[in-house]
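Data from run_5.pdb: PDB, C-alpha atoms
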```
ATOM      1  CA  MET A   1      37.904 -28.994 -29.461
ATOM      2  CA  GLU A   2      36.518 -27.759 -26.143
ATOM      3  CA  LEU A   3      39.288 -25.171 -25.824
ATOM      4  CA  LEU A   4      38.616 -23.916 -29.346
ATOM      5  CA  ARG A   5      34.908 -23.610 -28.567
ATOM      6  CA  LEU A   6      35.658 -21.645 -25.401
ATOM      7  CA  ARG A   7      37.995 -19.310 -27.288
ATOM      8  CA  ARG A   8      35.231 -18.605 -29.806
ATOM      9  CA  ARG A   9      32.821 -17.901 -26.940
ATOM     10  CA  ARG A  10      35.296 -15.518 -25.367
ATOM     11  CA  ALA A  11      35.833 -13.677 -28.656
ATOM     12  CA  LEU A  12      32.055 -13.362 -29.005
ATOM     13  CA  ALA A  13      31.768 -12.059 -25.439
ATOM     14  CA  ASP A  14      34.470  -9.470 -26.194
ATOM     15  CA  ASP A  15      32.529  -8.333 -29.278
ATOM     16  CA  VAL A  16      29.285  -8.038 -27.293
ATOM     17  CA  LEU A  17      31.104  -6.120 -24.569
ATOM     18  CA  GLU A  18      32.480  -3.670 -27.128
ATOM     19  CA  ILE A  19      28.994  -3.137 -28.561
ATOM     20  CA  LEU A  20      27.573  -2.540 -25.085
ATOM     21  CA  LYS A  21      30.258   0.058 -24.374
ATOM     22  CA  LYS A  22      29.358   1.914 -27.581
ATOM     23  CA  VAL A  23      25.666   1.761 -26.662
ATOM     24  CA  MET A  24      26.451   3.127 -23.197
ATOM     25  CA  ALA A  25      28.436   5.971 -24.758
ATOM     26  CA  THR A  26      25.510   6.864 -27.038
ATOM     27  CA  LEU A  27      23.028   6.710 -24.159
ATOM     28  CA  THR A  28      25.314   8.905 -22.060
ATOM     29  CA  VAL A  29      25.371  11.567 -24.781
ATOM     30  CA  THR A  30      21.566  11.418 -25.020
ATOM     31  CA  LEU A  31      21.283  11.638 -21.240
ATOM     32  CA  PHE A  32      23.377  14.814 -21.070
ATOM     33  CA  GLU A  33      21.386  16.365 -23.916
ATOM     34  CA  ILE A  34      18.150  15.839 -21.987
ATOM     35  CA  VAL A  35      19.721  16.984 -18.731
ATOM     36  CA  ARG A  36      20.807  20.239 -20.394
ATOM     37  CA  GLU A  37      17.295  20.715 -21.776
ATOM     38  CA  VAL A  38      15.450  20.341 -18.451
ATOM     39  CA  PRO A  39      16.756  23.530 -16.731
ATOM     40  CA  THR A  40      15.854  25.587 -19.821
ATOM     41  CA  LEU A  41      12.317  24.217 -19.868
ATOM     42  CA  ARG A  42      11.950  24.772 -16.133
ATOM     43  CA  ARG A  43      13.211  28.354 -16.413
ATOM     44  CA  GLU A  44      10.857  29.114 -19.307
ATOM     45  CA  MET A  45       7.958  27.619 -17.353
ATOM     46  CA  ASN A  46       8.707  29.712 -14.258
ATOM     47  CA  GLU A  47       9.184  32.915 -16.259
ATOM     48  CA  THR A  48       5.934  32.395 -18.187
ATOM     49  CA  LEU A  49       4.008  31.677 -14.993
ATOM     50  CA  LYS A  50       5.410  34.847 -13.415
ATOM     51  CA  GLU A  51       4.429  36.871 -16.475
ATOM     52  CA  ALA A  52       0.923  35.369 -16.442
ATOM     53  CA  TYR A  53       0.487  36.194 -12.772
ATOM     54  CA  SER A  54       1.866  39.717 -13.237
ATOM     55  CA  LEU A  55      -0.595  40.378 -16.086
ATOM     56  CA  TYR A  56      -3.413  38.964 -13.976
ATOM     57  CA  LEU A  57      -2.529  41.358 -11.153
ATOM     58  CA  GLU A  58      -2.501  44.279 -13.604
ATOM     59  CA  ALA A  59      -5.927  43.261 -14.907
ATOM     60  CA  THR A  60      -7.202  43.021 -11.343
ATOM     61  CA  MET A  61      -5.894  46.496 -10.519
ATOM     62  CA  LEU A  62      -7.604  47.907 -13.627
ATOM     63  CA  VAL A  63     -11.128  46.544 -13.058
ATOM     64  CA  GLY A  64     -11.046  45.183  -9.516
ATOM     65  CA  SER A  65     -11.050  41.677  -8.126
ATOM     66  CA  ARG A  66     -14.871  41.505  -8.058
ATOM     67  CA  LYS A  67     -15.080  42.083 -11.812
ATOM     68  CA  ILE A  68     -12.487  39.383 -12.444
ATOM     69  CA  GLU A  69     -14.492  37.030 -10.244
ATOM     70  CA  GLU A  70     -17.683  37.834 -12.176
ATOM     71  CA  VAL A  71     -15.906  37.075 -15.444
ATOM     72  CA  SER A  72     -14.813  33.705 -14.064
ATOM     73  CA  TRP A  73     -18.441  32.844 -13.285
ATOM     74  CA  VAL A  74     -19.718  33.419 -16.826
ATOM     75  CA  ALA A  75     -16.659  32.310 -18.809
ATOM     76  CA  ARG A  76     -17.056  29.050 -20.708
ATOM     77  CA  PRO A  77     -14.676  26.364 -19.460
ATOM     78  CA  VAL A  78     -11.741  25.153 -21.522
ATOM     79  CA  ASP A  79     -11.067  21.420 -21.701
ATOM     80  CA  LEU A  80      -7.414  20.460 -21.517
ATOM     81  CA  ASP A  81      -6.039  17.099 -22.529
ATOM     82  CA  ILE A  82      -2.598  15.618 -23.082
ATOM     83  CA  ASN A  83      -1.970  13.514 -26.154
ATOM     84  CA  MET A  84       0.747  10.956 -25.666
ATOM     85  CA  LYS A  85       2.377   8.856 -28.328
ATOM     86  CA  ALA A  86       5.511   6.789 -28.465
ATOM     87  CA  THR A  87       8.215   7.747 -30.912
ATOM     88  CA  SER A  88      11.291   5.804 -31.910
ATOM     89  CA  GLY A  89      14.325   7.473 -30.401
ATOM     90  CA  ILE A  90      18.009   6.721 -30.120
ATOM     91  CA  LEU A  91      19.001   3.055 -30.662
ATOM     92  CA  GLY A  92      15.368   2.165 -31.369
ATOM     93  CA  MET A  93      14.235   3.162 -27.881
ATOM     94  CA  THR A  94      10.606   4.166 -27.439
ATOM     95  CA  LEU A  95      10.432   7.667 -25.999
ATOM     96  CA  PRO A  96       7.201   9.450 -25.035
ATOM     97  CA  THR A  97       5.990  12.501 -26.929
ATOM     98  CA  LEU A  98       3.446  14.671 -25.101
ATOM     99  CA  GLU A  99       1.339  17.433 -26.585
ATOM    100  CA  LEU A 100      -1.107  19.756 -24.849
ATOM    101  CA  GLU A 101      -4.524  19.829 -26.505
ATOM    102  CA  VAL A 102      -6.797  22.761 -25.743
ATOM    103  CA  LYS A 103     -10.444  22.063 -26.534
ATOM    104  CA  GLU A 104     -12.241  25.387 -26.806
ATOM    105  CA  ASP A 105     -15.678  26.061 -28.269
ATOM    106  CA  VAL A 106     -14.789  28.831 -30.689
ATOM    107  CA  ALA A 107     -18.066  28.488 -32.626
ATOM    108  CA  HIS A 108     -19.871  30.539 -29.987
ATOM    109  CA  GLY A 109     -17.309  33.322 -29.921
ATOM    110  CA  PRO A 110     -15.018  34.364 -27.060
ATOM    111  CA  ARG A 111     -15.233  32.627 -23.683
ATOM    112  CA  TYR A 112     -16.289  35.881 -22.035
ATOM    113  CA  GLY A 113     -17.259  39.390 -23.052
ATOM    114  CA  LEU A 114     -14.251  41.314 -24.323
ATOM    115  CA  SER A 115     -15.840  44.757 -24.234
ATOM    116  CA  ASP A 116     -15.738  45.152 -20.474
ATOM    117  CA  THR A 117     -12.612  43.137 -19.657
ATOM    118  CA  PRO A 118      -9.043  44.430 -19.816
ATOM    119  CA  VAL A 119      -6.608  43.223 -22.488
ATOM    120  CA  LYS A 120      -4.238  42.268 -19.704
ATOM    121  CA  LEU A 121      -6.618  39.474 -18.722
ATOM    122  CA  ASP A 122      -6.454  37.991 -22.231
ATOM    123  CA  GLU A 123      -2.671  38.291 -22.244
ATOM    124  CA  SER A 124      -2.527  36.584 -18.870
ATOM    125  CA  GLY A 125      -4.583  33.684 -20.242
ATOM    126  CA  GLU A 126      -2.282  33.314 -23.245
ATOM    127  CA  LYS A 127       0.782  33.286 -21.001
ATOM    128  CA  LEU A 128      -0.849  30.691 -18.779
ATOM    129  CA  ARG A 129      -1.521  28.494 -21.805
ATOM    130  CA  LYS A 130       2.104  28.852 -22.849
ATOM    131  CA  ALA A 131       3.180  27.911 -19.325
ATOM    132  CA  LEU A 132       1.033  24.777 -19.509
ATOM    133  CA  GLU A 133       2.732  23.848 -22.787
ATOM    134  CA  ASN A 134       6.109  24.296 -21.088
ATOM    135  CA  ILE A 135       4.974  22.085 -18.203
ATOM    136  CA  VAL A 136       3.949  19.342 -20.641
ATOM    137  CA  LYS A 137       7.314  19.563 -22.426
ATOM    138  CA  LEU A 138       9.088  19.426 -19.068
ATOM    139  CA  VAL A 139       7.158  16.273 -18.157
ATOM    140  CA  GLU A 140       8.050  14.823 -21.565
ATOM    141  CA  ALA A 141      11.746  15.509 -20.994
ATOM    142  CA  GLN A 142      11.656  13.989 -17.528
ATOM    143  CA  ALA A 143       9.840  10.898 -18.855
ATOM    144  CA  SER A 144      12.480  10.532 -21.590
ATOM    145  CA  LEU A 145      15.169  10.970 -18.955
ATOM    146  CA  LYS A 146      13.653   8.104 -16.958
ATOM    147  CA  GLU A 147      13.576   5.847 -20.044
ATOM    148  CA  VAL A 148      17.214   6.569 -20.879
ATOM    149  CA  LEU A 149      18.312   5.968 -17.280
ATOM    150  CA  GLU A 150      16.466   2.632 -17.195
ATOM    151  CA  ALA A 151      18.103   1.609 -20.491
ATOM    152  CA  MET A 152      21.508   2.590 -19.129
ATOM    153  CA  SER A 153      20.866   0.564 -15.976
ATOM    154  CA  ILE A 154      20.060  -2.524 -18.059
ATOM    155  CA  LYS A 155      23.130  -2.093 -20.269
ATOM    156  CA  ARG A 156      25.321  -1.505 -17.220
ATOM    157  CA  ARG A 157      24.126  -4.754 -15.632
ATOM    158  CA  GLN A 158      24.791  -6.617 -18.888
ATOM    159  CA  THR A 159      28.257  -5.087 -19.128
ATOM    160  CA  ASN A 160      29.097  -5.960 -15.524
ATOM    161  CA  ARG A 161      27.849  -9.516 -16.011
ATOM    162  CA  ILE A 162      30.143 -10.023 -18.994
ATOM    163  CA  GLN A 163      33.128  -8.258 -17.426
ATOM    164  CA  HIS A 164      32.939  -9.689 -13.923
ATOM    165  CA  ARG A 165      31.256 -13.051 -14.420
ATOM    166  CA  ILE A 166      31.285 -14.499 -17.925
ATOM    167  CA  LEU A 167      34.804 -13.492 -18.984
ATOM    168  CA  PRO A 168      36.480 -14.541 -15.696
ATOM    169  CA  GLN A 169      34.667 -17.899 -15.827
ATOM    170  CA  LEU A 170      35.717 -18.499 -19.411
ATOM    171  CA  ASP A 171      39.304 -17.504 -18.632
ATOM    172  CA  ALA A 172      39.401 -19.808 -15.601
ATOM    173  CA  VAL A 173      38.076 -22.791 -17.570
ATOM    174  CA  MET A 174      40.470 -22.118 -20.455
ATOM    175  CA  ARG A 175      43.425 -21.865 -18.075
ATOM    176  CA  TYR A 176      42.421 -25.170 -16.488
ATOM    177  CA  ILE A 177      42.069 -26.905 -19.856
ATOM    178  CA  GLU A 178      45.385 -25.458 -21.052
ATOM    179  CA  ALA A 179      47.071 -26.662 -17.840
ATOM    180  CA  VAL A 180      45.599 -30.149 -18.297
ATOM    181  CA  LEU A 181      46.706 -30.235 -21.926
ATOM    182  CA  GLU A 182      50.207 -29.082 -20.999
ATOM    183  CA  GLU A 183      50.439 -31.699 -18.274
ATOM    184  CA  THR A 184      49.142 -34.362 -20.656
ATOM    185  CA  GLU A 185      51.668 -33.303 -23.275
ATOM    186  CA  ARG A 186      54.472 -33.357 -20.709
ATOM    187  CA  GLN A 187      53.472 -36.855 -19.555
ATOM    188  CA  ASP A 188      53.284 -38.012 -23.164
ATOM    189  CA  ILE A 189      56.799 -36.698 -23.798
ATOM    190  CA  ILE A 190      58.077 -38.468 -20.681
ATOM    191  CA  ARG A 191      56.428 -41.741 -21.770
ATOM    192  CA  ILE A 192      57.807 -41.412 -25.312
ATOM    193  CA  ARG A 193      61.327 -40.795 -24.011
ATOM    194  CA  ALA A 194      60.991 -43.728 -21.608
ATOM    195  CA  LEU A 195      59.879 -45.965 -24.463
ATOM    196  CA  GLN A 196      62.744 -44.754 -26.629
ATOM    197  CA  ARG A 197      65.294 -45.523 -23.870
ATOM    198  CA  LYS A 198      63.752 -48.925 -23.329
ATOM    199  CA  ARG A 199      63.852 -49.654 -27.054
ATOM    200  CA  ARG A 200      67.524 -48.652 -27.242
ATOM    201  CA  ARG A 201      68.382 -50.890 -24.257
ATOM    202  CA  ASN A 202      66.561 -53.764 -25.892
ATOM    203  CA  GLU A 203      68.401 -53.177 -29.148
ATOM    204  CA  LEU A 204      71.764 -53.096 -27.311
ATOM    205  CA  GLY A 205      70.905 -56.296 -25.428
ATOM    206  CA  ALA A 206      69.947 -58.056 -28.608
ATOM    207  CA  SER A 207      73.239 -57.129 -30.251
ATOM    208  CA  TYR A 208      75.302 -59.041 -27.638
TER     209      TYR A 208
END
```
Represent the structure contained in this file as structure tokens.
Amino acid sequence: MELLRLRRRRALADDVLEILKKVMATLTVTLFEIVREVPTLRREMNETLKEAYSLYLEATMLVGSRKIEEVSWVARPVDLDINMKATSGILGMTLPTLELEVKEDVAHGPRYGLSDTPVKLDESGEKLRKALENIVKLVEAQASLKEVLEAMSIKRRQTNRIQHRILPQLDAVMRYIEAVLEETERQDIIRIRALQRKRRRNELGASY
């Protein structure tokens, strides 16, 4: 009975191990998808920041740095916030979703006077906002990458525990029980044969 129970436990451990391997394969695919996405986001962020700075320099050359500084003094501030929520991802994992929220008081018109400021300054601001959105998406991807790596680390430890601890222990115990059973069976056979020989000798002695 004990050997049968151990065999069932080993079969169950094999099934769990197979499931863990499939989970690891799925997580690996997800990991590479995120890894491929990060360089693109980083490149877009850098390009947008360069464009924003280039437009800012053009605006400065058109009206002068003092005028740009004066505009910064009177411009209404823009409040930035990041909304974060958890979404269900691959295999039921909770992955973060980040979104840039720009709080701007549009009821009172533009943040600064548009009549005496160059268009390049507005374009620079729009590019900078786009760059901030790219930064938030980059942070989101890196946070998701961290979650996937942590999940893979947990699954890897579980896999190693089954492969290198549970299965070898079960195999060792089963081999021991099988050896004991074989030895017991061999001893039983020897005893049965000894009893049979003794019975035959007794029967021969009784016949004389």
For this structure, which residues satisfy the selection - the PyMOL selection byres ((chain A and resi 9-14) around 8) - when it is evaluated on the file as given? I want them as a list in words.
Arg5, Leu6, Arg7, Arg8, Asp15, Val16, Leu17, Glu18, Ile162, Ile166, Leu167 and Leu170 of chain A
Those same residues, written as a short mmCIF file (atom, residue, chain, number, x, y, z; two decimals), in the frame of the given file with C-alpha atoms?
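To be explicit, this is the file written out as selection20.cif:
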```
data_model
loop_
_atom_site.label_atom_id
_atom_site.label_comp_id
_atom_site.auth_asym_id
_atom_site.auth_seq_id
_atom_site.Cartn_x
_atom_site.Cartn_y
_atom_site.Cartn_z
CA ARG A 5 34.91 -23.61 -28.57
CA LEU A 6 35.66 -21.64 -25.40
CA ARG A 7 37.99 -19.31 -27.29
CA ARG A 8 35.23 -18.60 -29.81
CA ASP A 15 32.53 -8.33 -29.28
CA VAL A 16 29.28 -8.04 -27.29
CA LEU A 17 31.10 -6.12 -24.57
CA GLU A 18 32.48 -3.67 -27.13
CA ILE A 162 30.14 -10.02 -18.99
CA ILE A 166 31.28 -14.50 -17.92
CA LEU A 167 34.80 -13.49 -18.98
CA LEU A 170 35.72 -18.50 -19.41
#
```
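Between CA of Lys120 (chain A) and CA of Val38 (chain A) lies a distance of 29.5 Å.
Each of A:Asp122, A:Asp79, A:Glu140, A:Glu183 was checked against Lys103 (chain A) using all atoms listed in the file; the smallest atom-to-atom distance is that of A:Asp79.
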Given 4 Å of margin on each side, can you work out the centre and size in Å (one decimal) of an axis-aligned box holding every listed atom of region 91-95 of chain A, as AutoDock Vina command-line options?
```
--center_x 14.7 --center_y 4.9 --center_z -28.7 --size_x 16.6 --size_y 13.5 --size_z 13.4
```
Evaluate the PyMOL selection byres ((chain A and resi 53) around 12) here and jot the selected residues down as an MDAnalysis selection string.
chainID A and resid 46:52 54:60 120:128 131
Which one is closest to Met1 (chain A): A:Ile190, A:Val102, A:Ile177, A:Leu41? Count all atoms listed in the file.
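The shortest atom-to-atom distance to Met1 (chain A) comes from A:Ile177.
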Care to translate the PyMOL selection byres ((chain A and resi 20-32) around 12) into actual residues of this file, as a PyMOL selection string?
chain A and resi 13-19+33-39+89-93+95+141-163
When you look at Met84 (chain A) with a cut-off of 7 Å (counting all atoms listed in the file), what residues show up, excluding the ones that are within fewer than 2 positions of it in the same chain? I need them as a ChimeraX atom specification.
/A:82,86,96-99
Atoms kept (C-alpha atoms) for selection, written as a short mmCIF file (atom, residue, chain, number, x, y, z; two decimals), in the coordinates of the input:
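Result saved to result-v2.cif:
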```cif
data_model
loop_
_atom_site.label_atom_id
_atom_site.label_comp_id
_atom_site.auth_asym_id
_atom_site.auth_seq_id
_atom_site.Cartn_x
_atom_site.Cartn_y
_atom_site.Cartn_z
CA ILE A 82 -2.60 15.62 -23.08
CA ALA A 86 5.51 6.79 -28.46
CA PRO A 96 7.20 9.45 -25.04
CA THR A 97 5.99 12.50 -26.93
CA LEU A 98 3.45 14.67 -25.10
CA GLU A 99 1.34 17.43 -26.58
#
```
Interatomic distance (Å, one decimal) between CA of Ala172 (chain A) and CA of Arg191 (chain A):
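These two atoms are separated by 28.4 Å.
Using only C-alpha atoms, the nearest neighbour of Val136 (chain A) within the list A:Val173, A:Leu3, A:Met45, A:Leu62 is A:Met45.
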What's the separation between CA of Lys67 (chain A) and CA of Glu133 (chain A), in Å to one decimal place?
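Distance reported for this atom pair: 27.8 Å.
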Determine the nearest neighbour of Met61 (chain A) from the options A:Ile192, A:Val78, A:Asn202, A:Thr117, counting all atoms listed in the file.
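Of all the options, A:Thr117 lies closest to Met61 (chain A).
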Which residue, A:Arg201, A:Arg175, A:Arg165, A:Lys137, has the smallest gap to Asn83 (chain A) when you use all atoms listed in the file?
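With all atoms listed in the file as the atom set, the closest residue is A:Lys137.
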